[in-house]
Amino acid sequence: MAHPLPLSCRTFVGGDWHDTAGEPVPRHNPATGELVALAPRNTAEDVDRAVRAAVDAFPAWSRALPAERSRLLHRLADACAERVPDLAAAITREQGKPLDEATGEVRKFVTALHYYAEEAVRVFGRTVPNDAHGFTSIVEQEPVGPVAGIVPWNYPIELIGWKLAGATAAGCTIVIKPSEYTPGCAQVLSECVAAVLPPGVVNLVYGDGETGRALAAHPAVAKVAFTGSMRTGQALLRTVTGVTGLSLELGGSCPMVVTDRADLDAAVAGATRRSFRNAGQICIAINRIYAQRGVYREFVERLGAAADALRVADGMAVPDADVGALTMDETHRRTLDHIADARDRGASVVAGGGPVADLAPGLFLRPTVVADAPDEALVMHEETFGPLVGVAPFTDLDEAVTRANGAPGGLAAYAYTDDTRETFTLARGLDFGNVAVNNVDAGIMNAPYGGRRESGFGSEHGHEGLTSFLQLKHIRLRHGAT
Ligand code: NAD
C-alpha cells in the first residue's frame, strides 16, 4: 500500500504504532522542496518505552529456536521484497538518490535479511581441553541482550538492515533510530516488521541527536551499534559508558592509488563510479586519488570527461539518472567550500565546479574533479561527502602509500595496477579495513566490513556481523568420566 504524501511516521514500539506528543518534524524533498514526511521527535520517555519493549521481548526471542528466527527473517525479507517500490520511492523522495539506485539499495537490504536468516542457524559452540580428568568445558555463544541501532541517512534502509538482520539473527532484540533526514522509509519498513516479527523484537524511534543520545545512554541497552560521522562517534565514546558494548562504523577520507601499470579504462570507470555514486555521499566514496606520473595527465583528462558525461537530475523524474540531489544543505555547502579551498590552494577544476543552474533551488551539484590538489587541500584529507574528488601525482609506490595513509580514518582504500608485486605492496601497505584492488566495490555481504583508526571499530557483514551481537559463556561440567 503506497502512502499519500506527506508520509506520516509513528513511533513503532511493541509491535504497534503510537502517537507522540509535540509538533511533528517536517522532511522536505531535497530535489524539489516538497513536504514528503512528518516524523515525531521522540523524548527520553518515548525511548525508555521502546527499550522496555525490547527488554520484554528478549527472553522469548533469544530462546526461540534458531530455525524459527531464520524462518521469520526469511519471511521478513519476502515482506520487504513486496514493498520494494514503496521503500525505494520513500528513499528517493527524502534522500535524493535516483530511483533505480534506491531500488538497488532496497534489494541489497532484502539480500542481507536472507543472508542473516541463513547465518542464524550457524552459531556454534565448542568444547575445550580441561586441566583435570572428569571435566568437560563447553563454550557457548549467547545474544548480548537488547541492542540500539543508530544510523545515518545516506543508505537509510541498507544500514538499518545490517544491524536489524545481524542482531535479530543472533537472538537480540533491537531499538532502531533512523536519521531525522530519512524517517519515511523507516515507517514503511515498520509496516513490514509488524506483519512478520513478534511484538518488541524490532522497535523504531524517531528524532535527532537528542533522541539518539537518550537511546545510547539507556542503562538497559546491552550494546550500541552506531553508523555515522566521526564527530558523533567521538560523542558516543563519552555517552556509552560502563559495561555497554559499542561498535562504531564511522566516516573517513578514502584514497585511490593508480599506478603506471594500471588498466586506465578500468581505473577511470572505477574512479567515476566510486567518487560520484549517491552524489559522493558514501562512507567508502573515493575522496582523493594519487595517480603515478606516467599516467597522471591522461588519467585526469579522462576522469574529467567521464565526470562531465554523468547525468544529474531529479531522481524521481529520471529514475536512471547518474547523480541525484544531495540530501542536506550542510553537505552541499561543504562540497562548495572544499572546491573553493582547493582552487585557493592552486588546484585546477577540470570538471564540474558548482551547482546545476536549471535544477535550482534543488540541492544539485555537478560532479567535480580538481587536479594538482596539494595535500593541504581539504579535499585531500577531510571527508567531503559530496560529488567532489581531488587528484594529485606521485612518483613511487612508497610515497603513494604514505600519502594515502596520511589522512584521518581507515575505512576503505582502492588501488589499480596490473603488476603482482605492486598489488601486494598496496594491499598490505594500505592501512584500511577494506582494500579493493582493480575494483571499487569494497564491501560484499559475506565478508567482514569495518574501519580502523578514526573510522571506528567492529565489523558488519559476513558472519562477524552476527557474532558482534553474541557473547561467550564457558560452562565447566564435572561429570566424572575419564
Ligand atoms: P551523524 O553522525 O550526524 O548522524 C548519524 C546518526 O546519529 C543519526 O541518526 C543522528 O540523529 C544520530 N546522532 C547525532 N548525534 C548523536 C549523538 N550525540 N548521540 C547519538 N546519536 C546521535 O552522521 P550523518 O551525517 O547522518 O551521516 C554521515 C556520516 O556517516 C559520514 O561521516 C559517513 O562517512 C558516515 N557513514 C559511515 C558508514 C560506515 O559504514 N562506516 C556508512 C555510512 C555512513
# chains A, B, ... in the order shown; residues from 1 in each chain; ligands from 1
call {"tool": "residues_near_ligand", "arguments": {"ligand": "ligand 1", "cutoff": "8 Å", "atoms": "only C-alpha atoms and all ligand atoms", "output": "PyMOL selection string"}}
result
chain A and resi 150-155+159+177-181+207-216+226-233+235-236+239+248-252+281-284+383+385+411+449-451+455-456
call {"tool": "select_by_dssp", "arguments": {"residues": "segment 107-276 of chain A", "states": "helix (DSSP H, G or I)", "output": "short mmCIF file (atom, residue, chain, number, x, y, z; two decimals) with N, CA and C atoms, in the first residue's frame"}}
result
data_model
loop_
_atom_site.label_atom_id
_atom_site.label_comp_id
_atom_site.auth_asym_id
_atom_site.auth_seq_id
_atom_site.Cartn_x
_atom_site.Cartn_y
_atom_site.Cartn_z
N ARG A 107 16.92 -3.75 -2.61
CA ARG A 107 17.16 -5.17 -2.96
C ARG A 107 18.34 -5.72 -2.17
N LYS A 108 19.36 -4.89 -1.96
CA LYS A 108 20.52 -5.36 -1.15
C LYS A 108 20.10 -5.57 0.30
N PHE A 109 19.19 -4.75 0.78
CA PHE A 109 18.66 -4.92 2.13
C PHE A 109 17.93 -6.27 2.24
N VAL A 110 17.14 -6.60 1.22
CA VAL A 110 16.42 -7.89 1.22
C VAL A 110 17.43 -9.04 1.21
N THR A 111 18.50 -8.87 0.45
CA THR A 111 19.55 -9.90 0.41
C THR A 111 20.18 -10.07 1.79
N ALA A 112 20.40 -8.94 2.48
CA ALA A 112 21.00 -9.01 3.83
C ALA A 112 20.09 -9.78 4.78
N LEU A 113 18.78 -9.56 4.67
CA LEU A 113 17.85 -10.28 5.54
C LEU A 113 17.92 -11.79 5.26
N HIS A 114 17.94 -12.16 3.99
CA HIS A 114 18.05 -13.60 3.65
C HIS A 114 19.39 -14.15 4.13
N TYR A 115 20.45 -13.37 3.95
CA TYR A 115 21.79 -13.84 4.36
C TYR A 115 21.82 -14.14 5.85
N TYR A 116 21.32 -13.19 6.67
CA TYR A 116 21.38 -13.42 8.12
C TYR A 116 20.33 -14.43 8.58
N ALA A 117 19.26 -14.62 7.81
CA ALA A 117 18.34 -15.72 8.11
C ALA A 117 19.10 -17.05 8.00
N GLU A 118 19.97 -17.15 7.00
CA GLU A 118 20.79 -18.37 6.84
C GLU A 118 21.81 -18.49 7.98
N GLU A 119 22.45 -17.37 8.31
CA GLU A 119 23.50 -17.40 9.34
C GLU A 119 22.94 -17.72 10.73
N GLU A 158 19.46 0.20 3.89
CA GLU A 158 20.51 -0.82 3.94
C GLU A 158 21.24 -0.81 5.29
N LEU A 159 21.50 0.40 5.80
CA LEU A 159 22.26 0.48 7.06
C LEU A 159 21.42 0.05 8.25
N ILE A 160 20.11 0.30 8.22
CA ILE A 160 19.24 -0.29 9.24
C ILE A 160 19.33 -1.81 9.12
N GLY A 161 19.32 -2.26 7.87
CA GLY A 161 19.25 -3.71 7.61
C GLY A 161 20.42 -4.48 8.21
N TRP A 162 21.64 -3.97 8.09
CA TRP A 162 22.79 -4.72 8.61
C TRP A 162 22.65 -4.93 10.11
N LYS A 163 22.14 -3.90 10.80
CA LYS A 163 22.00 -4.01 12.27
C LYS A 163 20.80 -4.87 12.63
N LEU A 164 19.67 -4.57 11.99
CA LEU A 164 18.44 -5.32 12.29
C LEU A 164 18.67 -6.82 12.02
N ALA A 165 19.22 -7.15 10.86
CA ALA A 165 19.33 -8.56 10.47
C ALA A 165 20.37 -9.28 11.34
N GLY A 166 21.54 -8.66 11.53
CA GLY A 166 22.60 -9.31 12.33
C GLY A 166 22.15 -9.52 13.77
N ALA A 167 21.54 -8.48 14.35
CA ALA A 167 21.14 -8.54 15.77
C ALA A 167 20.03 -9.55 15.98
N THR A 168 18.99 -9.50 15.17
CA THR A 168 17.85 -10.40 15.42
C THR A 168 18.20 -11.84 15.07
N ALA A 169 19.06 -12.04 14.07
CA ALA A 169 19.50 -13.42 13.77
C ALA A 169 20.27 -13.98 14.96
N ALA A 170 21.01 -13.13 15.66
CA ALA A 170 21.79 -13.58 16.82
C ALA A 170 20.91 -13.84 18.03
N PRO A 183 13.09 9.66 7.71
CA PRO A 183 12.17 8.89 8.56
C PRO A 183 11.16 8.05 7.77
N GLY A 184 10.79 8.52 6.58
CA GLY A 184 9.67 7.92 5.86
C GLY A 184 9.91 6.46 5.47
N CYS A 185 11.12 6.17 4.99
CA CYS A 185 11.38 4.78 4.58
C CYS A 185 11.38 3.86 5.80
N ALA A 186 11.74 4.40 6.97
CA ALA A 186 11.71 3.58 8.19
C ALA A 186 10.27 3.26 8.58
N GLN A 187 9.36 4.22 8.35
CA GLN A 187 7.94 3.95 8.62
C GLN A 187 7.45 2.78 7.73
N VAL A 188 7.82 2.80 6.45
CA VAL A 188 7.39 1.71 5.55
C VAL A 188 7.98 0.39 6.05
N LEU A 189 9.23 0.43 6.47
CA LEU A 189 9.86 -0.79 6.99
C LEU A 189 9.12 -1.31 8.22
N SER A 190 8.67 -0.38 9.10
CA SER A 190 7.98 -0.83 10.32
C SER A 190 6.71 -1.60 9.96
N GLU A 191 6.10 -1.25 8.83
CA GLU A 191 4.88 -1.96 8.41
C GLU A 191 5.21 -3.40 8.00
N CYS A 192 6.37 -3.61 7.41
CA CYS A 192 6.80 -4.98 7.05
C CYS A 192 7.10 -5.76 8.33
N VAL A 193 7.79 -5.11 9.27
CA VAL A 193 8.16 -5.76 10.53
C VAL A 193 6.89 -6.18 11.28
N ALA A 194 5.91 -5.25 11.35
CA ALA A 194 4.68 -5.52 12.13
C ALA A 194 3.96 -6.75 11.62
N ALA A 195 4.06 -7.00 10.31
CA ALA A 195 3.32 -8.11 9.73
C ALA A 195 3.99 -9.46 10.00
N VAL A 196 5.25 -9.44 10.45
CA VAL A 196 6.01 -10.71 10.49
C VAL A 196 6.58 -11.04 11.87
N GLY A 209 19.81 14.01 17.21
CA GLY A 209 20.87 13.56 18.10
C GLY A 209 20.44 13.42 19.55
N GLU A 210 19.46 14.26 19.97
CA GLU A 210 18.97 14.18 21.36
C GLU A 210 18.36 12.80 21.62
N THR A 211 17.51 12.37 20.67
CA THR A 211 16.87 11.06 20.80
C THR A 211 17.94 9.96 20.76
N GLY A 212 18.90 10.13 19.87
CA GLY A 212 19.98 9.15 19.75
C GLY A 212 20.77 9.05 21.04
N ARG A 213 21.03 10.22 21.65
CA ARG A 213 21.81 10.22 22.88
C ARG A 213 21.04 9.49 24.00
N ALA A 214 19.72 9.77 24.09
CA ALA A 214 18.90 9.10 25.12
C ALA A 214 18.92 7.58 24.92
N LEU A 215 18.88 7.16 23.67
CA LEU A 215 18.89 5.72 23.38
C LEU A 215 20.25 5.10 23.75
N ALA A 216 21.31 5.78 23.32
CA ALA A 216 22.66 5.23 23.57
C ALA A 216 22.97 5.18 25.06
N MET A 230 32.40 10.81 12.24
CA MET A 230 33.46 10.73 13.26
C MET A 230 33.11 11.58 14.46
N ARG A 231 32.50 12.74 14.19
CA ARG A 231 32.17 13.65 15.29
C ARG A 231 31.20 12.98 16.26
N THR A 232 30.13 12.37 15.75
CA THR A 232 29.16 11.71 16.63
C THR A 232 29.79 10.48 17.27
N GLY A 233 30.65 9.80 16.53
CA GLY A 233 31.35 8.64 17.10
C GLY A 233 32.15 9.04 18.34
N GLN A 234 32.82 10.19 18.25
CA GLN A 234 33.58 10.69 19.41
C GLN A 234 32.63 11.00 20.57
N ALA A 235 31.48 11.61 20.26
CA ALA A 235 30.50 11.92 21.31
C ALA A 235 30.01 10.63 21.97
N LEU A 236 29.80 9.59 21.17
CA LEU A 236 29.30 8.34 21.72
C LEU A 236 30.31 7.65 22.64
N LEU A 237 31.59 7.90 22.39
CA LEU A 237 32.61 7.34 23.29
C LEU A 237 32.45 7.91 24.70
N ARG A 238 31.84 9.11 24.78
CA ARG A 238 31.59 9.70 26.10
C ARG A 238 30.22 9.28 26.65
N THR A 239 29.24 9.06 25.74
CA THR A 239 27.88 8.71 26.20
C THR A 239 27.78 7.26 26.65
N LEU A 264 43.98 1.71 -17.52
CA LEU A 264 43.39 3.05 -17.33
C LEU A 264 41.89 3.09 -17.57
N ASP A 265 41.40 2.27 -18.53
CA ASP A 265 39.94 2.25 -18.76
C ASP A 265 39.24 1.85 -17.47
N ALA A 266 39.76 0.77 -16.85
CA ALA A 266 39.12 0.27 -15.63
C ALA A 266 39.27 1.28 -14.50
N ALA A 267 40.44 1.90 -14.39
CA ALA A 267 40.67 2.85 -13.30
C ALA A 267 39.75 4.07 -13.42
N VAL A 268 39.57 4.57 -14.64
CA VAL A 268 38.70 5.74 -14.83
C VAL A 268 37.25 5.35 -14.52
N ALA A 269 36.83 4.17 -15.00
CA ALA A 269 35.45 3.73 -14.73
C ALA A 269 35.24 3.56 -13.22
N GLY A 270 36.23 2.96 -12.55
CA GLY A 270 36.11 2.73 -11.11
C GLY A 270 36.07 4.04 -10.35
N ALA A 271 36.96 4.96 -10.72
CA ALA A 271 37.01 6.26 -10.02
C ALA A 271 35.70 7.03 -10.21
N THR A 272 35.15 6.96 -11.40
CA THR A 272 33.91 7.69 -11.69
C THR A 272 32.78 7.13 -10.84
N ARG A 273 32.70 5.80 -10.80
CA ARG A 273 31.61 5.17 -10.04
C ARG A 273 31.74 5.48 -8.54
N ARG A 274 32.91 5.27 -7.98
CA ARG A 274 33.04 5.35 -6.53
C ARG A 274 33.21 6.78 -6.02
N SER A 275 33.48 7.74 -6.89
CA SER A 275 33.53 9.14 -6.44
C SER A 275 32.15 9.79 -6.48
N PHE A 276 31.30 9.37 -7.43
CA PHE A 276 30.08 10.15 -7.67
C PHE A 276 28.77 9.41 -7.42
#
call {"tool": "closest_residue", "arguments": {"among": "A:Gly14, A:Pro156, A:Gly200, A:Pro361", "to": "Glu105 of chain A", "atoms": "only C-alpha atoms"}}
result
A:Pro156
call {"tool": "residues_around", "arguments": {"residues": "Gly443 of chain A", "least_positions_apart": "3", "cutoff": "9 Å", "atoms": "only C-alpha atoms", "output": "list in words"}}
result
Ile284, Asn434, Ala436, Val440, Asn446, Ala447, Pro448, Tyr449 and His461 of chain A
call {"tool": "residues_around", "arguments": {"residues": "Ala279 of chain A", "least_positions_apart": "2", "cutoff": "7 Å", "atoms": "only C-alpha atoms", "output": "count of residues only"}}
result
8
call {"tool": "atom_distance", "arguments": {"atom1": "atom CA of Pro59 of chain A", "atom2": "atom CA of Glu45 of chain A"}}
result
22.8 Å
call {"tool": "atom_distance", "arguments": {"atom1": "atom CA of Pro85 of chain A", "atom2": "atom CA of Asp329 of chain A"}}
result
26.7 Å
call {"tool": "closest_residue", "arguments": {"among": "A:Ile289, A:Ala31, A:Ala347, A:Ala340", "to": "Asp314 of chain A", "atoms": "only C-alpha atoms"}}
result
A:Ala31
call {"tool": "residues_around", "arguments": {"residues": "segment 395-404 of chain A", "least_positions_apart": "4", "cutoff": "12 Å", "atoms": "only C-alpha atoms", "output": "number ranges by chain"}}
result
A: 252-261, 286-296, 374-376, 380-381, 391, 408-417, 421-432, 435
call {"tool": "residues_around", "arguments": {"residues": "Ala39 of chain A", "least_positions_apart": "2", "cutoff": "6 Å", "atoms": "only C-alpha atoms", "output": "VMD selection string"}}
result
chain A and resid 9 24 to 25
call {"tool": "closest_residue", "arguments": {"among": "A:Ala285, A:Ala309, A:Ala360, A:Val370", "to": "Asp344 of chain A", "atoms": "only C-alpha atoms"}}
result
A:Val370
